Amino acid sequence: MDWVLIITQLLNGLQLGLLLFLLASGLTLVFGIMDFVNLAHGALYMIGAYFCATLTEFTGSFLWGLLIAVPVTAAAGALLEISIIQRLYSKDHLDHVLATFGLILCFDTAVHFLWGPEGKAIPLPTFLDGRVTILPGIEFPTFRLSIILTGLLLAFVLYFIITHTKMGMLIRAGASNRQMVSAHGIDIKSLFTVVFAVGAAMAGFAGMMISPITEASIGMGNEIIIVAFVVIIIGGIGSIKGAFLAAILVGLIDTMGRSFLDTLLKLILSAENAETAAPALSAMAIYILMAAILAVRPQGLFPPKGR
């Protein structure tokens with residue numbers, strides 16, 4: 001067994017998991033507090049990436065592009081919530097799905113019109129475009145390591161805000177019983193706007209961090225949003241702790257499955273059958289996990305108190 005490859009893939013899985021957490025954290029708060037199914041959350045992931053690409057090109061610095069693009073994406077999320085999303089809160093989930101699916105098409109078309117059909121690459125600064133020695137004989141890309149460290153830091157900051165601040169108390173109360181929060185005189189409309197803007201910023205930041213690896217492209221959020229929904233269902237809708245642990249679990253299962261499942265299957269199947277079955281089973285693994293958890297614990301692993 002190649003331990004270098006195993007450790008490298010574990011780190012890749014951790015990186016994927018933390019990116020999923022950045023995307024899923026805002027999604028689970030919006031779903032948990034507002035009871036709003038936002039398929040267009042992945043479009044904010046894409047918009048953040050394009051904002052960062054444009055601002056990086058304008059400023060000549062990825063770091064400046066990142067720092068400016070985060071609040072710009074938050075502002076775009078707040079504008080979207082005030083202008084369109086607020087009108088949908090009173091509707092049922094089918095209306096949410098249909099309306100936000102329409103928003104996906106609008107965002108994709110707008111990006112095509114503004115930036116063109118080609119993707120936009122984001123150049124990295126020299127100090128992030130290299131490799132760092134993790135352990136003797138094990139090197140890992142510097143930028144991927146920075147994604148892991150930044151993701152862990154943001155997870156800690158978000159957890160601290162949710163558990164140790166007044167705003168976090170309101171968010172947790174809203175996730176458990178938003179009617180009671182409103183009855184206590186809290187401006188629930190402003191709370192919704194703030195939560196939606198923070199969720200947009202987190203999603204956009206995830207898009208910004210992955211784009212130097214894959215580039216910003218039209219529709220880049222459409223696939224990952226499905227995985228983000230799997231994460232929040234496994235973790236428990238409205239739970240930041242659940243989103244974090246489920247995202248790490250999903251990231252590791254997906255990465256390790258794609259890397260090593262064919263080797264394991266060769267122990268019981270022929271090489272040809274193992275290589276044929278492994279990609280399909282790897283793609284199905286996280287959905288099988290979700291189904292198994294829902295069968296045993298329908299509310300997810302760590303649902304908010306009161307659910």
# chains A, B, ... in the order shown; residues from 1 in each chain; ligands from 1
$ closest_atom_pairs --of "stretch 66-117 of chain A" --to "stretch 39-49 of chain A" --cutoff "7 Å" --atoms "only C-alpha atoms" --output "Markdown table"
| residue | atom | partner | partner_atom | distance |
| --- | --- | --- | --- | --- |
| A:Ala69 | CA | A:Gly48 | CA | 6.6 |
| A:Thr73 | CA | A:Gly48 | CA | 5.7 |
| A:Val97 | CA | A:Leu39 | CA | 6.4 |
| A:Thr100 | CA | A:Ala40 | CA | 5.2 |
| A:Phe101 | CA | A:Leu39 | CA | 6.0 |
| A:Leu103 | CA | A:Ala40 | CA | 6.1 |
| A:Ile104 | CA | A:Ala40 | CA | 5.3 |
| A:Phe107 | CA | A:Ala43 | CA | 6.5 |
$ write_last_selection --atoms "C-alpha atoms" --output "PDB file, in the first residue's frame"
ATOM      1  CA  ALA A  69     -14.961  39.961  -4.011  1.00  0.00           C
ATOM      2  CA  THR A  73     -20.755  38.754  -3.293  1.00  0.00           C
ATOM      3  CA  VAL A  97     -37.629  25.012  -6.451  1.00  0.00           C
ATOM      4  CA  THR A 100     -34.695  29.324  -7.918  1.00  0.00           C
ATOM      5  CA  PHE A 101     -34.216  26.969 -10.871  1.00  0.00           C
ATOM      6  CA  LEU A 103     -32.709  32.044 -11.212  1.00  0.00           C
ATOM      7  CA  ILE A 104     -30.012  29.504 -12.105  1.00  0.00           C
ATOM      8  CA  PHE A 107     -27.495  33.773 -13.624  1.00  0.00           C
TER       9      PHE A 107
END
$ select_by_dssp --residues "stretch 3-203 of chain A" --states "alpha helix (DSSP H)" --output "number ranges by chain"
A: 3-34, 41-59, 62-83, 93-115, 142-164, 166-183, 188-203
$ atom_distance --atom1 "atom CA of A:Ile122" --atom2 "atom CA of A:Phe143"
12.4 Å
$ closest_residue --among "A:Gln15, A:Thr193, A:Thr214, A:Asn273" --to "A:Thr150" --atoms "only C-alpha atoms"
A:Gln15
$ closest_residue --among "A:Pro304, A:Gly207, A:Gly17, A:Gly238" --to "A:Leu66" --atoms "only C-alpha atoms"
A:Gly207
$ closest_residue --among "A:Ile286, A:Val195, A:Ile237, A:Ile148" --to "A:Val37" --atoms "only C-alpha atoms"
A:Ile237
$ select_by_dssp --residues "stretch 3-251 of chain A" --states "strand (DSSP E or B)" --output "list of chain:residue names"
A:Lys120, A:Arg131, A:Val132, A:Thr133, A:Ile134, A:Leu135, A:Ile138, A:Glu139, A:Phe140, A:Pro141, A:Ala216
$ atom_distance --atom1 "atom CA of A:Ala24" --atom2 "atom CA of A:Gly300"
14.2 Å
$ closest_residue --among "A:Val194, A:Leu153, A:Leu281, A:Ala110" --to "A:Asp254" --atoms "only C-alpha atoms"
A:Leu281
$ residues_around --residues "A:Pro71" --least-positions-apart "2" --cutoff "12 Å" --atoms "only C-alpha atoms" --output "list in words"
Gly48, Phe51, Cys52, Trp64, Gly65, Leu66, Leu67, Ile68, Ala69, Thr73, Ala74, Ala75, Ala76, Gly77, Ala78, Ala197, Val198, Gly199, Ala200, Ala201, Met202, Ala203, Gly204 and Phe205 of chain A
$ atom_distance --atom1 "atom CA of A:Trp115" --atom2 "atom CA of A:Glu215"
13.0 Å
$ closest_residue --among "A:Pro117, A:Gly60, A:Pro123, A:Gly257" --to "A:Ser217" --atoms "only C-alpha atoms"
A:Pro117
$ closest_residue --among "A:Leu301, A:Ile253, A:Ala292, A:Ser259" --to "A:Leu5" --atoms "only C-alpha atoms"
A:Ser259
$ decode --residues "stretch 121-168 of chain A" --atoms "N, CA and C atoms" --output "tab-separated table (two decimals), in the first residue's frame"
chain	number	residue	atom	x	y	z
A	121	ALA	N	-9.58	31.93	-15.98
A	121	ALA	CA	-8.55	31.40	-15.07
A	121	ALA	C	-8.14	32.49	-14.09
A	122	ILE	N	-7.77	32.07	-12.89
A	122	ILE	CA	-7.30	33.01	-11.86
A	122	ILE	C	-5.85	32.65	-11.53
A	123	PRO	N	-4.90	33.53	-11.87
A	123	PRO	CA	-3.49	33.24	-11.58
A	123	PRO	C	-3.20	33.37	-10.09
A	124	LEU	N	-2.37	32.48	-9.59
A	124	LEU	CA	-1.99	32.51	-8.18
A	124	LEU	C	-0.71	33.31	-7.98
A	125	PRO	N	-0.55	33.97	-6.82
A	125	PRO	CA	0.73	34.60	-6.52
A	125	PRO	C	1.81	33.54	-6.35
A	126	THR	N	3.04	33.93	-6.53
A	126	THR	CA	4.15	32.98	-6.51
A	126	THR	C	4.21	32.18	-5.22
A	127	PHE	N	3.95	32.83	-4.08
A	127	PHE	CA	4.11	32.14	-2.80
A	127	PHE	C	3.04	31.07	-2.57
A	128	LEU	N	1.96	31.10	-3.36
A	128	LEU	CA	0.94	30.05	-3.25
A	128	LEU	C	1.03	29.02	-4.36
A	129	ASP	N	1.85	29.30	-5.38
A	129	ASP	CA	1.94	28.42	-6.54
A	129	ASP	C	3.18	27.53	-6.43
A	130	GLY	N	3.14	26.61	-5.47
A	130	GLY	CA	4.26	25.70	-5.27
A	130	GLY	C	3.84	24.51	-4.44
A	131	ARG	N	4.78	23.86	-3.83
A	131	ARG	CA	4.49	22.69	-3.00
A	131	ARG	C	5.22	22.84	-1.67
A	132	VAL	N	4.62	22.24	-0.64
A	132	VAL	CA	5.20	22.30	0.70
A	132	VAL	C	5.33	20.87	1.22
A	133	THR	N	6.39	20.61	1.97
A	133	THR	CA	6.62	19.27	2.53
A	133	THR	C	5.78	19.10	3.80
A	134	ILE	N	4.84	18.15	3.75
A	134	ILE	CA	3.97	17.88	4.89
A	134	ILE	C	4.68	16.93	5.87
A	135	LEU	N	5.17	15.83	5.33
A	135	LEU	CA	5.94	14.84	6.07
A	135	LEU	C	7.10	14.43	5.19
A	136	PRO	N	8.12	13.79	5.75
A	136	PRO	CA	9.23	13.34	4.91
A	136	PRO	C	8.74	12.51	3.72
A	137	GLY	N	9.05	12.96	2.53
A	137	GLY	CA	8.65	12.25	1.32
A	137	GLY	C	7.27	12.58	0.83
A	138	ILE	N	6.55	13.47	1.53
A	138	ILE	CA	5.18	13.81	1.14
A	138	ILE	C	5.10	15.32	0.91
A	139	GLU	N	4.86	15.70	-0.34
A	139	GLU	CA	4.67	17.10	-0.68
A	139	GLU	C	3.22	17.33	-1.06
A	140	PHE	N	2.74	18.54	-0.81
A	140	PHE	CA	1.34	18.87	-1.08
A	140	PHE	C	1.30	20.29	-1.63
A	141	PRO	N	0.44	20.55	-2.63
A	141	PRO	CA	0.38	21.91	-3.20
A	141	PRO	C	0.09	22.97	-2.14
A	142	THR	N	0.84	24.04	-2.17
A	142	THR	CA	0.71	25.10	-1.17
A	142	THR	C	-0.69	25.69	-1.16
A	143	PHE	N	-1.26	25.91	-2.34
A	143	PHE	CA	-2.58	26.53	-2.39
A	143	PHE	C	-3.65	25.61	-1.82
A	144	ARG	N	-3.57	24.32	-2.11
A	144	ARG	CA	-4.54	23.38	-1.54
A	144	ARG	C	-4.43	23.35	-0.01
A	145	LEU	N	-3.21	23.44	0.50
A	145	LEU	CA	-3.03	23.49	1.95
A	145	LEU	C	-3.63	24.77	2.51
A	146	SER	N	-3.49	25.87	1.78
A	146	SER	CA	-4.08	27.13	2.24
A	146	SER	C	-5.61	27.05	2.26
A	147	ILE	N	-6.20	26.29	1.33
A	147	ILE	CA	-7.65	26.08	1.36
A	147	ILE	C	-8.06	25.36	2.64
A	148	ILE	N	-7.29	24.33	3.00
A	148	ILE	CA	-7.59	23.57	4.22
A	148	ILE	C	-7.49	24.47	5.45
A	149	LEU	N	-6.41	25.24	5.57
A	149	LEU	CA	-6.21	26.08	6.74
A	149	LEU	C	-7.26	27.19	6.81
A	150	THR	N	-7.55	27.80	5.66
A	150	THR	CA	-8.56	28.87	5.64
A	150	THR	C	-9.94	28.31	5.95
A	151	GLY	N	-10.25	27.13	5.41
A	151	GLY	CA	-11.54	26.51	5.69
A	151	GLY	C	-11.72	26.18	7.15
A	152	LEU	N	-10.66	25.66	7.78
A	152	LEU	CA	-10.73	25.34	9.21
A	152	LEU	C	-10.90	26.62	10.03
A	153	LEU	N	-10.19	27.68	9.66
A	153	LEU	CA	-10.30	28.95	10.38
A	153	LEU	C	-11.72	29.51	10.26
A	154	LEU	N	-12.28	29.51	9.05
A	154	LEU	CA	-13.62	30.03	8.87
A	154	LEU	C	-14.66	29.17	9.59
A	155	ALA	N	-14.45	27.86	9.61
A	155	ALA	CA	-15.36	26.98	10.33
A	155	ALA	C	-15.35	27.33	11.82
A	156	PHE	N	-14.16	27.58	12.37
A	156	PHE	CA	-14.06	27.95	13.79
A	156	PHE	C	-14.74	29.30	14.04
A	157	VAL	N	-14.49	30.29	13.18
A	157	VAL	CA	-15.08	31.61	13.35
A	157	VAL	C	-16.60	31.53	13.28
A	158	LEU	N	-17.11	30.79	12.29
A	158	LEU	CA	-18.56	30.66	12.14
A	158	LEU	C	-19.16	29.94	13.34
A	159	TYR	N	-18.49	28.89	13.82
A	159	TYR	CA	-18.98	28.16	14.99
A	159	TYR	C	-18.99	29.08	16.22
A	160	PHE	N	-17.96	29.90	16.37
A	160	PHE	CA	-17.90	30.83	17.51
A	160	PHE	C	-19.04	31.84	17.43
A	161	ILE	N	-19.27	32.38	16.23
A	161	ILE	CA	-20.36	33.35	16.07
A	161	ILE	C	-21.71	32.72	16.39
A	162	ILE	N	-21.92	31.50	15.90
A	162	ILE	CA	-23.21	30.83	16.10
A	162	ILE	C	-23.44	30.49	17.57
A	163	THR	N	-22.39	30.12	18.29
A	163	THR	CA	-22.55	29.61	19.65
A	163	THR	C	-22.25	30.62	20.75
A	164	HIS	N	-21.58	31.76	20.44
A	164	HIS	CA	-21.13	32.65	21.50
A	164	HIS	C	-21.50	34.12	21.28
A	165	THR	N	-22.34	34.43	20.32
A	165	THR	CA	-22.73	35.81	20.09
A	165	THR	C	-24.25	35.94	20.07
A	166	LYS	N	-24.72	37.18	20.24
A	166	LYS	CA	-26.17	37.43	20.22
A	166	LYS	C	-26.75	37.10	18.85
A	167	MET	N	-26.04	37.49	17.79
A	167	MET	CA	-26.51	37.16	16.45
A	167	MET	C	-26.62	35.65	16.28
A	168	GLY	N	-25.62	34.93	16.79
A	168	GLY	CA	-25.67	33.48	16.70
A	168	GLY	C	-26.83	32.89	17.48
